[in-house]
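Notes for the one structure printed next.
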Amino acid sequence: MDSPFAGFKPSQQEYLKQELKKVPGKIAELCRRENCDLVLISGDIFDSATCRDSAQLVCDALRSCGVPVFIAPGNHDYLTTGSPWLEMTWPENVYIFTVGLQSVALPQLNCRVYGAGYRSMDCKPLMENFKAEGPERYKLAVLHGDPMRLRSPYCPVTTAQVRDSGLDY
């Protein structure tokens with residue numbers, strides 16, 4: 001949300017911005033129509049400069065999903081003073097990962113969701129030696145990471161780390 005769409009003509013920028021404002025509502029509608037059990041969002045919902053109206057639009061849409069929503073803020077919308085993740089009141093069904101790698105159990109779904117949110121533009125590797133634990137049948141993770149570059153400043157993640165993690169998704 002609120003991307004400046006640099007490199008596009010002004011008329012294209014305005015069109016793209018307006019279309020992007022429709023996306024949160026469409027996601028909520030899809031969630032209800034398909035009877036989703038939960039929603040995982042892996043960061044960068046917002047560009048670095050976010051207006052309160054856009055954040056409220058996302059907040060309202062996620063509230064209307066009617067299911068648990070888990071968000072791992074990314075490198076563009078990291079947790080900092082002034083970020084919508086910390087400055088707004090989010091609905092009860094929305095869980096925002098704010099520190100390190102943490103987890104939330106959902107007994108009604110026999111599921112545990114792991115996640116972490118960026119605290120700055122960079123994020124150290126979080127999956128090194130990670131092993132999903134707990135009695136739940138399903139173990140999921142929502143992270144904003146880079147699977148392509150081992151030395152990436154954006155939470156590098158390897159296929160082997162995911163494979164060996166014990167996560168189902």
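To be explicit about the labels: the chains of the structure tokens are called A, B, and onward in the order shown, and within each one the residues are counted from 1, while ligands get numbers from 1 in the order they are shown.
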
Residues near Gly25 of chain A, cut-off 12 Å, only C-alpha atoms, skip fewer than 5 positions along chain, as a list in words: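 Once the nearby chain positions are removed, what remains is Glu19, Leu20, Leu30, Cys31, Arg32, Ser54, Gln56, Leu57, Val58, Cys59, Asp60, Ala61, Leu62, Arg63, Ser64 and Cys65 of chain A.
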
What's the 10 Å shell around Trp85 of chain A, counting only C-alpha atoms, without same-chain residues fewer than 4 positions away, as a list of chain:residue names?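 Once the nearby chain positions are removed, what remains is A:Ala55, A:Cys59, A:Ile71, A:Pro73, A:Asp77, A:Tyr78, A:Leu79, A:Thr80, A:Thr81, A:Thr89, A:Trp90, A:Tyr95, A:Ile96, A:Phe97, A:Thr98.
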
Using only C-alpha atoms for the distances, tell me which of A:Leu150, A:Leu140, A:Cys155, A:Leu40 is nearest to Asp122 of chain A.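 That would be A:Cys155, the residue with the smallest distance to Asp122 of chain A.
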
I need the residue nearest Tyr15 of chain A from this list: A:Val39, A:Ser3, A:Val142, A:Pro68. Use only C-alpha atoms for the distance. A:Ser3

Quick one: of A:Gly74, A:Pro147, A:Gly7, A:Pro84, who's nearest to Ser120 of chain A, counting only C-alpha atoms?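 Nearest to Ser120 of chain A: A:Gly74.
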
So how many Å separate atom CA of Met148 of chain A and atom CA of Ala116 of chain A, to one decimal? 19.0 Å

Output as a compact mmCIF listing (two decimals) with N, CA, C and O atoms, in the first residue's frame all residues of segment 2-166 of chain A that backbone DSSP marks as helix (DSSP H, G or I).
# COMPACT_ATOMS: atom_id res chain seq x y z
N PRO A 10 2.54 9.66 -14.30
CA PRO A 10 1.61 10.07 -13.23
C PRO A 10 0.21 9.46 -13.35
O PRO A 10 -0.37 9.05 -12.34
N SER A 11 -0.33 9.38 -14.55
CA SER A 11 -1.67 8.79 -14.72
C SER A 11 -1.65 7.30 -14.35
O SER A 11 -2.60 6.79 -13.75
N GLN A 12 -0.58 6.61 -14.69
CA GLN A 12 -0.45 5.20 -14.33
C GLN A 12 -0.29 5.03 -12.83
O GLN A 12 -0.86 4.12 -12.23
N GLN A 13 0.48 5.92 -12.23
CA GLN A 13 0.69 5.86 -10.78
C GLN A 13 -0.64 5.97 -10.05
O GLN A 13 -0.92 5.20 -9.14
N GLU A 14 -1.45 6.93 -10.44
CA GLU A 14 -2.75 7.13 -9.78
C GLU A 14 -3.65 5.92 -9.97
O GLU A 14 -4.32 5.47 -9.02
N TYR A 15 -3.67 5.38 -11.18
CA TYR A 15 -4.49 4.20 -11.45
C TYR A 15 -4.04 3.02 -10.57
O TYR A 15 -4.87 2.36 -9.94
N LEU A 16 -2.74 2.77 -10.53
CA LEU A 16 -2.22 1.66 -9.73
C LEU A 16 -2.51 1.84 -8.24
O LEU A 16 -2.85 0.89 -7.55
N LYS A 17 -2.38 3.06 -7.76
CA LYS A 17 -2.67 3.33 -6.35
C LYS A 17 -4.14 3.03 -6.03
O LYS A 17 -4.45 2.45 -4.98
N GLN A 18 -5.04 3.43 -6.92
CA GLN A 18 -6.47 3.19 -6.69
C GLN A 18 -6.80 1.70 -6.75
O GLN A 18 -7.60 1.21 -5.95
N GLU A 19 -6.19 1.00 -7.70
CA GLU A 19 -6.43 -0.44 -7.80
C GLU A 19 -5.89 -1.18 -6.58
O GLU A 19 -6.51 -2.13 -6.10
N LEU A 20 -4.75 -0.75 -6.10
CA LEU A 20 -4.14 -1.39 -4.93
C LEU A 20 -5.03 -1.25 -3.70
O LEU A 20 -5.08 -2.14 -2.85
N VAL A 23 -7.38 -4.20 -3.09
CA VAL A 23 -6.84 -5.53 -2.79
C VAL A 23 -7.21 -6.03 -1.40
O VAL A 23 -7.66 -7.18 -1.26
N PRO A 24 -7.06 -5.25 -0.33
CA PRO A 24 -7.43 -5.79 1.00
C PRO A 24 -8.87 -6.29 1.07
O PRO A 24 -9.12 -7.37 1.61
N GLY A 25 -9.79 -5.54 0.50
CA GLY A 25 -11.19 -5.97 0.49
C GLY A 25 -11.41 -7.24 -0.31
O GLY A 25 -12.19 -8.11 0.08
N LYS A 26 -10.69 -7.37 -1.41
CA LYS A 26 -10.80 -8.58 -2.23
C LYS A 26 -10.23 -9.79 -1.51
O LYS A 26 -10.76 -10.90 -1.63
N ILE A 27 -9.16 -9.59 -0.77
CA ILE A 27 -8.60 -10.69 0.01
C ILE A 27 -9.59 -11.14 1.08
O ILE A 27 -9.82 -12.33 1.27
N ALA A 28 -10.20 -10.19 1.77
CA ALA A 28 -11.18 -10.53 2.80
C ALA A 28 -12.39 -11.25 2.19
O ALA A 28 -12.88 -12.24 2.74
N GLU A 29 -12.83 -10.77 1.04
CA GLU A 29 -13.96 -11.41 0.35
C GLU A 29 -13.61 -12.84 -0.05
O GLU A 29 -14.42 -13.77 0.15
N LEU A 30 -12.43 -13.05 -0.58
CA LEU A 30 -11.97 -14.38 -0.96
C LEU A 30 -11.90 -15.30 0.26
O LEU A 30 -12.31 -16.46 0.21
N CYS A 31 -11.40 -14.78 1.33
CA CYS A 31 -11.28 -15.54 2.58
C CYS A 31 -12.65 -16.03 3.04
O CYS A 31 -12.81 -17.20 3.41
N ARG A 32 -13.62 -15.16 3.02
CA ARG A 32 -14.98 -15.54 3.44
C ARG A 32 -15.60 -16.53 2.46
O ARG A 32 -16.19 -17.52 2.86
N ARG A 33 -15.45 -16.27 1.17
CA ARG A 33 -16.06 -17.12 0.15
C ARG A 33 -15.49 -18.54 0.18
O ARG A 33 -16.21 -19.51 0.02
N ARG A 52 -2.30 6.89 7.12
CA ARG A 52 -3.21 6.25 8.08
C ARG A 52 -4.45 5.70 7.38
O ARG A 52 -4.97 4.65 7.78
N ASP A 53 -4.93 6.36 6.33
CA ASP A 53 -6.12 5.87 5.62
C ASP A 53 -5.87 4.47 5.03
O ASP A 53 -6.75 3.61 5.10
N SER A 54 -4.70 4.26 4.47
CA SER A 54 -4.39 2.95 3.89
C SER A 54 -4.29 1.89 4.98
O SER A 54 -4.78 0.77 4.83
N ALA A 55 -3.66 2.24 6.08
CA ALA A 55 -3.54 1.30 7.19
C ALA A 55 -4.93 0.95 7.74
O ALA A 55 -5.21 -0.20 8.05
N GLN A 56 -5.80 1.93 7.82
CA GLN A 56 -7.16 1.67 8.31
C GLN A 56 -7.93 0.79 7.33
O GLN A 56 -8.69 -0.10 7.75
N LEU A 57 -7.71 0.97 6.04
CA LEU A 57 -8.34 0.14 5.02
C LEU A 57 -7.92 -1.33 5.21
O LEU A 57 -8.76 -2.22 5.19
N VAL A 58 -6.64 -1.56 5.43
CA VAL A 58 -6.13 -2.91 5.66
C VAL A 58 -6.71 -3.46 6.96
O VAL A 58 -7.17 -4.60 7.02
N CYS A 59 -6.69 -2.68 8.00
CA CYS A 59 -7.21 -3.08 9.30
C CYS A 59 -8.68 -3.52 9.19
O CYS A 59 -9.05 -4.59 9.68
N ASP A 60 -9.50 -2.73 8.54
CA ASP A 60 -10.92 -3.04 8.39
C ASP A 60 -11.12 -4.32 7.57
O ASP A 60 -11.98 -5.15 7.90
N ALA A 61 -10.33 -4.48 6.51
CA ALA A 61 -10.46 -5.67 5.67
C ALA A 61 -10.07 -6.93 6.45
O ALA A 61 -10.76 -7.95 6.38
N LEU A 62 -8.99 -6.85 7.21
CA LEU A 62 -8.56 -8.03 7.98
C LEU A 62 -9.56 -8.37 9.07
O LEU A 62 -9.79 -9.55 9.35
N ARG A 63 -10.17 -7.37 9.65
CA ARG A 63 -11.22 -7.62 10.66
C ARG A 63 -12.36 -8.42 10.03
O ARG A 63 -12.89 -9.34 10.63
N PRO A 84 2.39 1.51 11.26
CA PRO A 84 1.00 1.17 11.58
C PRO A 84 0.89 -0.04 12.49
O PRO A 84 -0.07 -0.16 13.23
N TRP A 85 1.89 -0.93 12.46
CA TRP A 85 1.84 -2.12 13.32
C TRP A 85 1.85 -1.75 14.80
O TRP A 85 1.26 -2.45 15.61
N LEU A 86 2.52 -0.66 15.13
CA LEU A 86 2.64 -0.27 16.53
C LEU A 86 1.72 0.89 16.91
O LEU A 86 1.39 1.06 18.08
N GLU A 87 1.31 1.67 15.94
CA GLU A 87 0.54 2.88 16.24
C GLU A 87 -0.97 2.70 16.17
O GLU A 87 -1.70 3.52 16.72
N PRO A 107 -5.53 -24.17 19.09
CA PRO A 107 -6.06 -25.51 19.41
C PRO A 107 -7.24 -25.92 18.53
O PRO A 107 -7.36 -27.08 18.16
N GLN A 108 -8.10 -24.96 18.18
CA GLN A 108 -9.28 -25.28 17.38
C GLN A 108 -8.92 -25.79 15.99
O GLN A 108 -9.71 -26.47 15.35
N LEU A 109 -7.69 -25.47 15.52
CA LEU A 109 -7.23 -25.95 14.21
C LEU A 109 -6.13 -27.00 14.34
O LEU A 109 -5.59 -27.44 13.34
N THR A 159 16.64 -23.88 1.51
CA THR A 159 15.71 -25.00 1.34
C THR A 159 15.95 -26.05 2.43
O THR A 159 15.00 -26.60 2.99
N ALA A 160 17.22 -26.32 2.73
CA ALA A 160 17.55 -27.30 3.76
C ALA A 160 17.01 -26.87 5.13
O ALA A 160 16.52 -27.71 5.89
N GLN A 161 17.10 -25.59 5.45
CA GLN A 161 16.58 -25.12 6.73
C GLN A 161 15.09 -25.35 6.83
O GLN A 161 14.59 -25.77 7.88
N VAL A 162 14.38 -25.08 5.77
CA VAL A 162 12.93 -25.29 5.77
C VAL A 162 12.64 -26.78 5.87
O VAL A 162 11.80 -27.21 6.67
N ARG A 163 13.32 -27.59 5.06
CA ARG A 163 13.12 -29.04 5.06
C ARG A 163 13.36 -29.64 6.45
O ARG A 163 12.61 -30.49 6.91
N ASP A 164 14.41 -29.17 7.13
CA ASP A 164 14.78 -29.75 8.42
C ASP A 164 14.05 -29.11 9.61
O ASP A 164 14.26 -29.51 10.76

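Nearest-residue note for Val99 of chain A: choosing from A:Pro125, A:Gly43, A:Val69, A:Gly117, the minimum distance belongs to A:Gly117, counting only C-alpha atoms.
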
Using DSSP assignments from the backbone, pull out every residue in segment 109-157 of chain A that falls under strand (DSSP E or B) and give it to me as a PyMOL selection string. chain A and resi 111-115+123+138-142+146+154+156

Keeping N, CA and C atoms, export the residues of the selection given above as a PDB file, in the first residue's frame.
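File written: out_4.pdb
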ATOM      1  N   CYS A 111      -3.151 -26.532  15.311  1.00  0.00           N
ATOM      2  CA  CYS A 111      -2.132 -25.845  14.526  1.00  0.00           C
ATOM      3  C   CYS A 111      -1.307 -24.904  15.403  1.00  0.00           C
ATOM      4  N   ARG A 112      -0.056 -24.722  15.027  1.00  0.00           N
ATOM      5  CA  ARG A 112       0.822 -23.737  15.657  1.00  0.00           C
ATOM      6  C   ARG A 112       1.428 -22.909  14.531  1.00  0.00           C
ATOM      7  N   VAL A 113       1.377 -21.573  14.684  1.00  0.00           N
ATOM      8  CA  VAL A 113       1.933 -20.664  13.684  1.00  0.00           C
ATOM      9  C   VAL A 113       3.155 -19.974  14.278  1.00  0.00           C
ATOM     10  N   TYR A 114       4.280 -20.070  13.583  1.00  0.00           N
ATOM     11  CA  TYR A 114       5.528 -19.412  13.954  1.00  0.00           C
ATOM     12  C   TYR A 114       5.708 -18.196  13.064  1.00  0.00           C
ATOM     13  N   GLY A 115       6.340 -17.171  13.596  1.00  0.00           N
ATOM     14  CA  GLY A 115       6.624 -15.992  12.786  1.00  0.00           C
ATOM     15  C   GLY A 115       7.552 -15.038  13.496  1.00  0.00           C
ATOM     16  N   CYS A 123      17.328  -8.080   8.670  1.00  0.00           N
ATOM     17  CA  CYS A 123      16.914  -9.117   9.610  1.00  0.00           C
ATOM     18  C   CYS A 123      17.885 -10.281   9.493  1.00  0.00           C
ATOM     19  N   TYR A 138      -0.385 -29.511  12.829  1.00  0.00           N
ATOM     20  CA  TYR A 138       0.119 -28.635  11.771  1.00  0.00           C
ATOM     21  C   TYR A 138       1.014 -27.550  12.353  1.00  0.00           C
ATOM     22  N   LYS A 139       2.173 -27.395  11.748  1.00  0.00           N
ATOM     23  CA  LYS A 139       3.123 -26.362  12.174  1.00  0.00           C
ATOM     24  C   LYS A 139       3.445 -25.507  10.955  1.00  0.00           C
ATOM     25  N   LEU A 140       3.056 -24.239  11.022  1.00  0.00           N
ATOM     26  CA  LEU A 140       3.206 -23.310   9.916  1.00  0.00           C
ATOM     27  C   LEU A 140       4.141 -22.185  10.311  1.00  0.00           C
ATOM     28  N   ALA A 141       4.727 -21.533   9.320  1.00  0.00           N
ATOM     29  CA  ALA A 141       5.553 -20.358   9.603  1.00  0.00           C
ATOM     30  C   ALA A 141       5.236 -19.269   8.593  1.00  0.00           C
ATOM     31  N   VAL A 142       5.306 -18.045   9.072  1.00  0.00           N
ATOM     32  CA  VAL A 142       5.155 -16.883   8.205  1.00  0.00           C
ATOM     33  C   VAL A 142       6.355 -15.973   8.469  1.00  0.00           C
ATOM     34  N   ASP A 146      14.694 -14.098   2.380  1.00  0.00           N
ATOM     35  CA  ASP A 146      15.323 -14.187   1.069  1.00  0.00           C
ATOM     36  C   ASP A 146      15.840 -15.605   0.860  1.00  0.00           C
ATOM     37  N   TYR A 154      18.332  -9.708   4.396  1.00  0.00           N
ATOM     38  CA  TYR A 154      16.888  -9.850   4.597  1.00  0.00           C
ATOM     39  C   TYR A 154      16.510 -11.286   4.976  1.00  0.00           C
ATOM     40  N   PRO A 156      18.022 -14.438   5.336  1.00  0.00           N
ATOM     41  CA  PRO A 156      18.250 -15.520   4.385  1.00  0.00           C
ATOM     42  C   PRO A 156      17.723 -16.856   4.925  1.00  0.00           C
TER      43      PRO A 156
END

From the set A:Arg149, A:Lys9, A:Arg137, A:His76, which residue has the shortest atom-to-atom contact distance to Ser42 of chain A, counting only C-alpha atoms?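 Between A:Arg149, A:Lys9, A:Arg137, A:His76, the residue approaching Ser42 of chain A most closely is A:His76.
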
9 Å contact set for Lys131 of chain A, only C-alpha atoms, chain neighbours under 2 positions out, as a ChimeraX atom specification: /A:127-129,133,164-167

What is the atom CA of Arg151 of chain A-atom CA of Tyr118 of chain A distance in Å, reported with one decimal? 16.8 Å
